[in-house]
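The structure appears below as structure tokens.
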Amino acid sequence: MLRLHTLFVFLFFVFISAYGAQTYSVKGVVTSRATGEGLPFVSVGIWNTPMGTMTDSLGNYFIGNLSPGMYRIQVSSVGYKTYVSPEFRISSYDYTLDIALEESQVALSEVSVVAAPFRSSIESPIAMRVIGVQEIEKSPGANRDISKVVNSFPGVASAVGNGYRNDLMIRGGGPSENKFFLDGVEIPNINHFSTQGASGGPVGIIDADLIREVNFYTGAFPVSRGNALSSVFDFKLLDGTPDKYTFKGTVGASELALTSKGHIGNKTTYIVSVRQSYLQLLFSLLDMPFLPRYTDAQFKVKTRFSQEHELSVLGLGAIDDMKLNTETDPEDESKQYLLNYLPTIKQNTYTLGVVYKHYSGNHTQTVVLSRSFMNNSNIKYRDNDESSTDNLTLRLKSDEIENHLRFENRSLVGLFDLTAGFNVDYAVYRNNTFQRAFTDISKEIRYKTDLGLFKWGIFATSGYKSADDRFSASFGFRLDACNYSSLTDNPFKQFSPRLSLSYNLIGNFFLNGSIGRFYQLPAYTTMGYQEDNVLINKSRLKYVCSDQAVVGVEYYINKWARLTVEGFYKKYTHSPLSLRDSIPLACKGTDYGVSGNEAASSTARGRAYGLEVMLRWFGMGRFTALASYTWYRSQFEDPATGIYIPSAWDYRHLFTLSGTYKLPKNWDIGLKFRLMGGAPYTPYDEYTSSLVPAWDATARPYYDYDRYNTGRLKTFYEADIRVDKSFYFKGVMLGFYVDLQNVLNFKYDNPPVLISTGEKYVDNDGTERYRMKYIAQQSGVILPTLGITVEF
């Protein structure tokens, strides 16, 4: 650490003498998506500025004299759809951006075109947001972690006061209902130390330096992105640089990172990143009871063989090791409680994928082949005493392996946009578990699972957009199946149609709507759970079904500001219900370890509904802001009474106000204020928790599920501030930032936790018990972070 900091200081003084007004350029070629040929005499400009040029006879363009900063390119030509690019950063070198335009059925002169950075698709005209580089880079309190960035958007709730985790509960759904794609390649999770069977963890696994933009769907999911019920994250990665080599070093909130971009020959580019965490140092300074450490690496290699053929190879891998901090304050009962039940966790994960694209006129074929692997190991000893195997309470070793093949064909035929394809997957789930548990009696759970699953699906969608661009419609469907059992192998039982509509009512007002049915397989941890060497859930599990409807109004205030109001309704059926607790497994999954490894049946029913309002502003190159408010309810049906009761994610109110402002001399300042309604909670079952064998099995209290979510915590709020300063030299960028999370030092009170005092006694019935007591559980500290970046 000291040597690295010394290096940064040295670089600062070396280059300070060269400090001056550096300028760079953006260049590239504009082609026709249909033919791949360069388009001459096309208007190319810097969005929202008078700077621009025309392409030459081969489609090449060049715009120079650009100061370092964030930009977008706007491209327009008669007979083609006007295009506004995603954000890109110019910092220390000339930027290359190639653009392919789609043909339009209406001449440019026949309509009034307002070029805006807001984008939607015919298939997803609603409940879809595009998150750009600046929002990821500059978001206060997020530290470039996409799971924290999306907390600013409507409908997104997260677990608070729960160990600095990144769990996402979107539109009332659980943390296991989200799916993630990297340039079209499915990845199982986006967090280190992820909860197996869910998706959360303390820190993101994707390096923000590789992200170009993120398409974030909270409804109206594309048919090619299956197995999702609450959200789809579609990450678009940067390409390497075709004409030079660049390097970037970053000291971030939790890691040291090195990124390189460059080229291999004339047709191949690459981008690669390696990160090493020092999160264990940060958590040790905070005296946390667990100390996570991770290493990760990511890369993308892209080859453009010709205008028609393109191949990308990408990879993502991580090594995670979470140890327990046995040196934590012994007088802090809250930390000792966490220390006594948290397991040590080791995870190894990777995803390798190949994406081939063939451009053939108005037809594009895409083939995606990938493999994902996760190895998860959890071990726990009673009182963390490893001197005897009698103290072992948990030993879990598990593998999840997924092999994916997906083919898509997209065709533009007149006013119609047609997509069709199929996917074939083979998954392996292996598990070797020993666990001490307590229901009515103490018992030991031992099982070995080696489960192979074939999954397949077909999908198609047809989109139509009128010649005057005022009306669009999309109808699509999926058919999915899995050979797990007779309840999952008939694809017609998982027929999932969906319809989306959009209409320009008047002026800049649009009315959008979507209705559809979506399916998701239960988690492998549930499908592979055994008792007495039998897959006891096999005859009870079905695909989870969610019928969803969304309707909204969209108003473009001007070309850089948009207001949306959306109402949504989600109905859940066939959701796995815990046979032990009689609550849906979807209400679990925000704790370290494993979720879903228990007896369950597909009998839970639930619903979520609400209203979202969002104002998004990309203000004239200096000011960006996002304000959102969500009112919603998330409920499930009590299987005993049929009455709907609050789910674990029923926060009811979500409000966020965030923004960044670019000051003179390359200073940026950002502020985020976030509020969440009080979370529901369940009181403890003191009678069961005090039993000696019950407490010894888990070192945790047991909930009284007869009073499920009858309590509610107070409202949570947090304010974050971030300040950035960048220095630009000839070919070098040096940046610093300070990020202050929870700057108001808000203290959040979790429910008091019931713990054992360690003192035993025998009650009047002759039953041995521990004397119990409640201790306060409070979270919330001012968390400062200093970041340093060097790019050259």
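To be explicit about the labels: the chains of the structure tokens are called A, B, and onward in the order shown, and within each one the residues are counted from 1, while ligands get numbers from 1 in the order they are shown.
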field: Shell around segment 489-506 of chain A at 6 Å using only C-alpha atoms, local window under 2 positions removed, as a VMD selection string
entry: chain A and resid 470 to 483 486 509 to 518
- request: Based on DSSP run over this structure's backbone, return all residues of segment 573-701 of chain A in strand (DSSP E), as an NGL selection string.
  value: :A and (573-578 or 600-619 or 623-637 or 644-646 or 653-663 or 667-676 or 680-681)
field: Residues near Tyr426 of chain A, cut-off 6 Å, only C-alpha atoms, skip fewer than 2 positions along chain, as number ranges by chain
entry: A: 402-403, 453-454
Within 8 Å of segment 404-418 of chain A using only C-alpha atoms, minus same-chain residues under 3 positions, as a VMD selection string: chain A and resid 105 224 362 to 371 421 to 426 460 to 467
Store the residues picked out above in a file with C-alpha atoms, as a tab-separated table (two decimals), in the first residue's frame.
```tsv
chain	number	residue	atom	x	y	z
A	105	GLN	CA	-38.99	4.01	-43.31
A	224	SER	CA	-34.26	-13.60	-25.22
A	362	ASN	CA	-31.33	-6.52	-42.60
A	363	HIS	CA	-30.66	-9.79	-40.79
A	364	THR	CA	-28.32	-10.34	-37.86
A	365	GLN	CA	-27.50	-13.73	-36.37
A	366	THR	CA	-26.02	-14.08	-32.89
A	367	VAL	CA	-24.60	-17.23	-31.35
A	368	VAL	CA	-23.64	-17.23	-27.65
A	369	LEU	CA	-21.74	-20.11	-26.07
A	370	SER	CA	-20.71	-19.87	-22.42
A	371	ARG	CA	-19.81	-21.75	-19.26
A	421	GLY	CA	-34.21	-18.05	-31.39
A	422	PHE	CA	-33.62	-20.88	-28.96
A	423	ASN	CA	-31.45	-21.80	-26.00
A	424	VAL	CA	-30.13	-25.16	-24.81
A	425	ASP	CA	-28.50	-25.38	-21.37
A	426	TYR	CA	-26.96	-28.11	-19.30
A	460	ALA	CA	-39.86	-15.12	-30.72
A	461	THR	CA	-41.10	-11.56	-30.86
A	462	SER	CA	-42.48	-9.29	-33.55
A	463	GLY	CA	-42.20	-5.52	-33.19
A	464	TYR	CA	-43.95	-2.88	-35.28
A	465	LYS	CA	-43.35	0.86	-35.43
A	466	SER	CA	-45.50	3.13	-37.55
A	467	ALA	CA	-43.92	5.21	-40.27
```
- request: Compile the contact shell of Asp704 of chain A as a ChimeraX atom specification: residues with an atom at most 9 Å away, counting only C-alpha atoms, same-chain residues fewer than 2 positions apart removed.
  value: /A:682-686,688,702,706-708
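Among A:Leu740, A:Ile583, A:Val203, A:Ala297, the residue with the shortest atom-to-atom distance to Ile645 of chain A, counting only C-alpha atoms, is A:Ile583.
Residues surrounding Asp167 of chain A within 9 Å are A:Ser147, A:Ala157, A:Ser158, A:Ala159, A:Gly174, A:Pro175, A:Ala198, A:Ser199, A:Gly200, A:Gly201, A:Pro202, A:Gly589, A:Thr590 [only C-alpha atoms; sequence separation below 4 positions excluded].
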task: Please identify all polymer residues within 8 Å of Phe290 of chain A, counting only C-alpha atoms, omitting same-chain residues fewer than 2 positions from it, and present them as a ChimeraX atom specification.
output: /A:283,288,292,322-325,339
task: Name the residues of segment 6-149 of chain A that fall into helix (DSSP H, G or I) according to DSSP on the backbone, using the chain letters and numbers of this document, as a PyMOL selection string.
output: chain A and resi 6-16+108-110+133-138+146-149
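For the atom pair formed by atom CA of Leu577 of chain A and atom CA of Thr603 of chain A, the distance is 6.0 Å, given to one decimal.
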